[in-house]
>>> print(open('final-v7.txt').read())   # compact mmCIF, C-alpha atoms
# COMPACT_ATOMS: atom_id res chain seq x y z
CA MET A 1 0.00 0.00 0.00
CA SER A 2 1.09 3.64 -0.44
CA ASP A 3 0.90 6.58 1.97
CA LEU A 4 0.12 10.21 1.07
CA THR A 5 3.71 10.80 -0.09
CA GLY A 6 3.42 8.01 -2.63
CA GLU A 7 5.94 5.81 -0.86
CA THR A 8 5.14 2.14 -0.64
CA ARG A 9 4.74 0.80 2.92
CA LEU A 10 4.80 -2.85 3.79
CA PRO A 11 1.84 -4.06 5.87
CA ASP A 12 2.49 -4.44 9.58
CA PRO A 13 3.65 -7.93 10.51
CA VAL A 14 0.93 -10.15 11.95
CA CYS A 15 1.41 -12.03 15.23
CA TYR A 16 1.40 -15.71 14.35
CA ILE A 17 -0.15 -16.57 17.73
CA CYS A 18 -3.16 -14.22 17.91
CA GLY A 19 -3.38 -13.13 14.27
CA ARG A 20 -3.44 -9.40 14.99
CA GLN A 21 -1.08 -6.71 13.73
CA GLY A 22 1.22 -4.51 15.81
CA THR A 23 3.89 -7.06 16.70
CA ASP A 24 6.62 -5.80 19.01
CA SER A 25 9.03 -8.78 19.14
CA ARG A 26 10.07 -12.03 17.52
CA ASP A 27 9.36 -15.36 19.17
CA HIS A 28 11.54 -18.47 19.15
CA VAL A 29 9.04 -21.10 18.03
CA ILE A 30 11.15 -23.77 19.74
CA ARG A 31 12.07 -21.96 22.91
CA GLU A 32 15.67 -21.62 24.04
CA CYS A 33 14.89 -23.38 27.33
CA PHE A 34 14.64 -26.71 25.45
CA PHE A 35 18.36 -26.59 24.60
CA SER A 36 20.98 -27.62 27.13
CA GLY A 37 24.07 -26.06 25.59
CA PRO A 38 25.05 -23.74 22.76
CA ARG A 39 21.97 -23.10 20.65
CA PRO A 40 21.92 -23.38 16.85
CA SER A 41 22.45 -20.11 15.00
CA ASN A 42 19.39 -20.79 12.86
CA LEU A 43 16.70 -20.89 15.56
CA LEU A 44 13.37 -20.13 13.90
CA THR A 45 11.84 -16.83 14.99
CA ILE A 46 8.53 -15.34 13.84
CA PRO A 47 6.99 -11.90 14.55
CA ALA A 48 4.69 -11.95 17.57
CA HIS A 49 3.40 -9.84 20.44
CA TYR A 50 5.54 -10.16 23.56
CA THR A 51 2.40 -10.59 25.65
CA CYS A 52 1.30 -13.48 23.40
CA HIS A 53 4.51 -15.52 23.48
CA ASN A 54 5.46 -14.75 27.08
CA ARG A 55 2.42 -16.35 28.72
CA PHE A 56 3.26 -20.04 28.33
CA ASP A 57 4.41 -22.31 31.15
CA GLU A 58 7.76 -23.24 29.65
CA GLU A 59 9.26 -24.63 32.86
CA TYR A 60 6.41 -27.10 33.25
CA ALA A 61 6.64 -28.20 29.59
CA ARG A 62 10.43 -28.54 29.79
CA GLY A 63 10.11 -30.61 32.95
CA ILE A 64 7.62 -32.97 31.32
CA LEU A 65 9.57 -33.35 28.06
CA SER A 66 13.03 -33.68 29.61
CA GLY A 67 11.66 -36.21 32.10
CA LEU A 68 10.06 -38.31 29.37
CA GLY A 69 13.15 -38.17 27.17
CA SER A 70 15.88 -38.51 29.79
CA GLU A 71 16.27 -42.30 29.52
CA ALA A 72 17.11 -42.34 25.81
CA ASN A 73 18.42 -38.87 24.98
CA ARG A 74 21.56 -37.27 26.37
CA VAL A 75 20.31 -33.71 25.88
CA ALA A 76 17.10 -34.44 27.79
CA GLN A 77 19.11 -36.14 30.52
CA ARG A 78 21.41 -33.12 30.77
CA LEU A 79 18.43 -30.79 30.97
CA TRP A 80 16.79 -32.96 33.63
CA ASN A 81 19.95 -32.78 35.73
CA THR A 82 20.61 -29.05 35.23
CA LYS A 83 17.92 -26.59 34.15
CA THR A 84 14.98 -28.74 35.25
CA LYS A 85 16.67 -29.52 38.57
CA ARG A 86 17.30 -25.82 39.21
CA SER A 87 13.63 -25.12 38.49
CA PHE A 88 12.70 -27.81 41.01
CA ASP A 89 15.04 -26.31 43.60
CA ARG A 90 13.37 -22.92 43.18
CA SER A 91 9.81 -24.21 43.21
CA ALA A 92 8.55 -27.09 45.32
CA PRO A 93 5.05 -26.87 43.72
CA LEU A 94 6.60 -27.28 40.26
CA ARG A 95 8.65 -30.27 41.45
CA LYS A 96 5.55 -31.87 42.94
CA SER A 97 3.42 -31.27 39.84
CA ILE A 98 6.05 -32.76 37.50
CA ALA A 99 6.59 -35.76 39.77
CA SER A 100 2.86 -36.45 39.84
CA SER A 101 2.65 -36.12 36.04
CA LEU A 102 5.37 -38.62 35.14
CA VAL A 103 4.15 -42.14 35.83
CA ARG A 104 5.46 -45.63 35.09
CA LYS A 105 5.69 -46.76 31.49
CA ILE A 106 2.70 -48.51 29.98
CA ASP A 107 2.61 -51.59 27.77
CA LEU A 108 1.89 -51.10 24.08
CA ILE A 109 -0.41 -53.83 22.83
CA SER A 110 -0.46 -54.98 19.21
CA PRO A 111 -3.76 -55.72 17.40
CA ALA A 112 -3.05 -59.42 18.09
CA GLY A 113 -2.85 -58.74 21.84
CA LEU A 114 0.94 -58.99 22.18
CA VAL A 115 3.03 -56.60 24.28
CA ILE A 116 5.39 -55.07 21.70
CA ASP A 117 7.03 -52.26 23.64
CA LYS A 118 6.76 -49.91 26.57
CA ALA A 119 6.11 -46.21 26.26
CA PRO A 120 6.03 -43.20 28.59
CA ALA A 121 2.74 -42.40 30.22
CA ILE A 122 1.83 -39.06 31.78
CA ARG A 123 -0.97 -37.46 33.72
CA MET A 124 -0.07 -33.91 32.83
CA ASP A 125 -1.93 -30.70 33.50
CA LYS A 126 -3.27 -30.15 29.98
CA ASP A 127 -4.05 -26.48 30.64
CA ARG A 128 -0.37 -25.89 31.42
CA PHE A 129 1.19 -28.09 28.75
CA TYR A 130 -0.83 -27.98 25.55
CA PRO A 131 -1.06 -24.20 25.00
CA LEU A 132 2.70 -24.20 24.32
CA MET A 133 2.37 -27.21 22.01
CA ARG A 134 -0.42 -25.45 20.11
CA LYS A 135 1.80 -22.40 19.71
CA ILE A 136 4.53 -24.61 18.24
CA VAL A 137 2.02 -26.10 15.79
CA GLN A 138 1.03 -22.58 14.73
CA GLY A 139 4.67 -21.66 14.15
CA MET A 140 5.43 -24.85 12.23
CA PHE A 141 2.29 -24.47 10.12
CA LEU A 142 3.25 -20.92 9.11
CA HIS A 143 6.87 -21.89 8.50
CA HIS A 144 6.00 -24.89 6.33
CA THR A 145 2.91 -23.65 4.46
CA GLY A 146 3.12 -19.85 4.59
CA GLN A 147 -0.38 -19.73 6.10
CA LEU A 148 -1.53 -18.56 9.51
CA LEU A 149 -3.33 -20.99 11.77
CA PRO A 150 -5.76 -18.85 13.84
CA SER A 151 -5.65 -18.99 17.62
CA ASN A 152 -9.05 -20.71 17.79
CA PHE A 153 -8.02 -23.72 15.72
CA ARG A 154 -9.34 -27.02 16.98
CA SER A 155 -6.84 -29.77 17.76
CA ALA A 156 -6.78 -33.41 18.85
CA TRP A 157 -3.58 -34.76 20.41
CA SER A 158 -1.93 -38.14 20.90
CA LEU A 159 1.28 -39.06 22.74
CA ASN A 160 3.54 -41.95 21.60
CA ALA A 161 2.41 -41.17 18.06
CA LEU A 162 5.25 -42.97 16.27
CA LEU A 163 4.23 -46.20 17.97
CA GLU A 164 0.73 -46.22 16.48
CA LEU A 165 0.84 -49.19 14.16
CA SER A 166 -2.67 -49.06 12.72
CA GLY A 167 -2.75 -48.93 8.93
CA HIS A 168 -4.39 -45.56 8.32
CA ARG A 169 -2.21 -43.63 10.76
CA LYS A 170 0.93 -45.37 9.55
CA GLN A 171 0.04 -44.43 5.98
CA MET A 172 -0.45 -40.80 7.00
CA LEU A 173 2.97 -40.73 8.63
CA GLN A 174 4.59 -42.29 5.58
CA ALA A 175 2.93 -39.69 3.34
CA SER A 176 4.04 -36.76 5.51
CA GLN A 177 6.90 -34.38 4.79
CA PHE A 178 9.88 -33.64 6.99
CA GLY A 179 9.93 -30.14 8.43
CA LEU A 180 12.14 -28.21 10.82
CA VAL A 181 14.78 -30.31 12.63
CA TYR A 182 17.21 -29.55 15.44
CA PRO A 183 19.11 -32.84 15.95
CA GLU A 184 18.49 -34.53 19.32
CA ILE A 185 16.21 -31.67 20.39
CA PHE A 186 13.26 -31.36 18.03
CA GLY A 187 11.94 -32.65 14.74
CA CYS A 188 8.69 -32.14 12.86
CA ARG A 189 6.72 -33.88 10.14
CA TYR A 190 3.50 -32.56 8.64
CA LEU A 191 0.76 -33.57 6.24
CA ILE A 192 -1.98 -31.54 4.58
CA VAL A 193 -4.99 -33.70 3.77
CA THR A 194 -8.27 -32.99 1.98
CA GLU A 195 -11.49 -34.16 3.59
CA LYS A 196 -14.65 -33.70 1.51
CA GLY A 197 -13.05 -30.87 -0.42
CA VAL A 198 -11.65 -28.96 2.56
CA GLU A 199 -8.21 -29.03 4.11
CA ALA A 200 -7.14 -30.59 7.38
CA SER A 201 -3.63 -31.11 8.69
CA VAL A 202 -1.62 -33.49 10.84
CA SER A 203 1.64 -32.59 12.59
CA TRP A 204 4.09 -34.81 14.44
CA LEU A 205 6.27 -33.03 17.00
CA CYS A 206 9.26 -35.08 18.19
CA PHE A 207 11.20 -33.99 21.25
CA TYR A 208 14.43 -35.60 22.44
CA THR A 209 14.43 -38.47 19.95
CA ASN A 210 11.44 -40.51 21.09
CA VAL A 211 8.83 -38.25 22.73
CA VAL A 212 6.36 -37.76 19.90
CA PHE A 213 3.04 -35.94 19.85
CA ARG A 214 0.58 -36.09 16.97
CA CYS A 215 -1.69 -33.08 16.45
CA TYR A 216 -4.69 -33.35 14.15
CA VAL A 217 -6.33 -30.10 13.02
CA PRO A 218 -9.72 -30.86 11.43
CA PRO A 219 -11.31 -28.81 8.63
CA ARG A 220 -12.23 -25.31 9.75
CA HIS A 221 -15.98 -25.78 9.59
CA LEU A 222 -15.62 -28.26 12.47
CA TRP A 223 -13.78 -25.84 14.73
CA SER A 224 -15.35 -24.76 18.01
CA PRO A 225 -15.05 -21.32 19.66
CA LEU A 226 -13.80 -23.25 22.69
CA ALA A 227 -11.09 -25.24 20.94
CA PRO A 228 -8.85 -27.30 23.26
>>> encode(input="final-v7.txt", output="C-alpha cells")
Amino acid sequence: MSDLTGETRLPDPVCYICGRQGTDSRDHVIRECFFSGPRPSNLLTIPAHYTCHNRFDEEYARGILSGLGSEANRVAQRLWNTKTKRSFDRSAPLRKSIASSLVRKIDLISPAGLVIDKAPAIRMDKDRFYPLMRKIVQGMFLHHTGQLLPSNFRSAWSLNALLELSGHRKQMLQASQFGLVYPEIFGCRYLIVTEKGVEASVSWLCFYTNVVFRCYVPPRHLWSPLAP
C-alpha cells in the first residue's frame, strides 16, 4: 500500500499466535529453554506480540519433556539434571506437579494382543502443557505452508504417536513431509490432507528423539469457539 507521499509501505507484521497486527518482538518457536548447551544459530523466529509468546508455562513443559526423554536422549538427561533440577530447587510446587505427572511406562499392545514395547505415560496438566504445544504447531504451520493458523483452531492430540501401528495412521505418517529439525532436540513432520473438499492437517512433533506428539487439526468448519 502507499501513503500520502506516494511511498510504498509494507503491511504491519501479523502475530502468528493471535493473528493481529502490531507485533513488538520475535518469538523463538522452539524456545531456548529446550536446549541444554550452545543453541543453533538458525533458531526459527517469527513476529509476535511479547504478551502473546510470554504467557506459556515453559518450565512445566520442559520438565515434562526432559523427564520423558531422559532415559534415551543425552540432551534431555542433561536438561533434567541441570535446568529442570534448578527449576525444582526454586519451586517445590513445580517439582511436585512434574513428579505427579510422570508415571510408570505402559505396555503397548499390538492388534493381536501382544506386548510389543513400553512407552512413557503421563498425567499432565493439559491447561499448562498444551497451549505451548499449540503455539509450536502454529509456528510450524506458518513456517511450512506460509499460512496462519488462527488462535481458535481445533486440535486433537496423541502421545507416543510414532508407535501407532494401525494402517491408516501409519500411511499418513509415511505420506508426511519432513519439516524443521534440530538434531536430538526437536523434529517435525506434517501432512496436509483434503477431507470432503476442505483441508485438514496433521503434525508430528518429536522432542528428544522418542517423545512424539501427533496433532490433528480438522477442517475449519468443524472448529469450536472453545477449541482445546
>>> closest_residue(input="final-v7.txt", among="A:Arg220, A:Lys135, A:Arg78, A:His143", to="A:Arg55", atoms="all atoms listed in the file")
A:Lys135
>>> residues_around(input="final-v7.txt", residues="A:Tyr190", least_positions_apart="2", cutoff="9 Å", atoms="all atoms listed in the file", output="ChimeraX atom specification")
/A:140-141,144,173,175-179,188,192,201-205
>>> closest_residue(input="final-v7.txt", among="A:Leu65, A:Asn210, A:Tyr182, A:Gln147", to="A:Ser41", atoms="all atoms listed in the file")
A:Tyr182
>>> atom_distance(input="final-v7.txt", atom1="atom CA of A:Arg31", atom2="atom CA of A:Pro150")
20.2 Å
>>> closest_residue(input="final-v7.txt", among="A:Arg123, A:Arg214, A:Arg26, A:Lys196", to="A:His49", atoms="all atoms listed in the file")
A:Arg26
>>> atom_distance(input="final-v7.txt", atom1="atom CA of A:Asn73", atom2="atom CA of A:Arg95")
21.0 Å
>>> atom_distance(input="final-v7.txt", atom1="atom CA of A:Ser97", atom2="atom CA of A:Arg62")
12.6 Å
>>> residues_near_point(input="final-v7.txt", point="(7.4, -35.1, 34.2)", cutoff="9 Å", atoms="all atoms listed in the file", output="VMD selection string")
chain A and resid 60 to 68 95 97 to 103 122 to 124
>>> write_last_selection(input="final-v7.txt", atoms="C-alpha atoms", output="PDB file, keeping the file's coordinate frame")
ATOM      1  CA  TYR A  60       6.410 -27.100  33.250  1.00  0.00           C
ATOM      2  CA  ALA A  61       6.640 -28.200  29.590  1.00  0.00           C
ATOM      3  CA  ARG A  62      10.430 -28.540  29.790  1.00  0.00           C
ATOM      4  CA  GLY A  63      10.110 -30.610  32.950  1.00  0.00           C
ATOM      5  CA  ILE A  64       7.620 -32.970  31.320  1.00  0.00           C
ATOM      6  CA  LEU A  65       9.570 -33.350  28.060  1.00  0.00           C
ATOM      7  CA  SER A  66      13.030 -33.680  29.610  1.00  0.00           C
ATOM      8  CA  GLY A  67      11.660 -36.210  32.100  1.00  0.00           C
ATOM      9  CA  LEU A  68      10.060 -38.310  29.370  1.00  0.00           C
ATOM     10  CA  ARG A  95       8.650 -30.270  41.450  1.00  0.00           C
ATOM     11  CA  SER A  97       3.420 -31.270  39.840  1.00  0.00           C
ATOM     12  CA  ILE A  98       6.050 -32.760  37.500  1.00  0.00           C
ATOM     13  CA  ALA A  99       6.590 -35.760  39.770  1.00  0.00           C
ATOM     14  CA  SER A 100       2.860 -36.450  39.840  1.00  0.00           C
ATOM     15  CA  SER A 101       2.650 -36.120  36.040  1.00  0.00           C
ATOM     16  CA  LEU A 102       5.370 -38.620  35.140  1.00  0.00           C
ATOM     17  CA  VAL A 103       4.150 -42.140  35.830  1.00  0.00           C
ATOM     18  CA  ILE A 122       1.830 -39.060  31.780  1.00  0.00           C
ATOM     19  CA  ARG A 123      -0.970 -37.460  33.720  1.00  0.00           C
ATOM     20  CA  MET A 124      -0.070 -33.910  32.830  1.00  0.00           C
TER      21      MET A 124
END
>>> residues_near_point(input="final-v7.txt", point="(-1.4, -30.2, 24.5)", cutoff="10 Å", atoms="only C-alpha atoms", output="ChimeraX atom specification")
/A:61,124-135,155-159,213-215,228
>>> closest_residue(input="final-v7.txt", among="A:Arg39, A:Trp80, A:Gly139, A:Arg90", to="A:Asp27", atoms="only C-alpha atoms")
A:Gly139
>>> closest_residue(input="final-v7.txt", among="A:Phe186, A:Phe88, A:Trp223, A:Tyr216", to="A:Ile30", atoms="all atoms listed in the file")
A:Phe186
>>> closest_residue(input="final-v7.txt", among="A:Val198, A:His53, A:Thr84, A:Ser70", to="A:Cys18", atoms="all atoms listed in the file")
A:His53
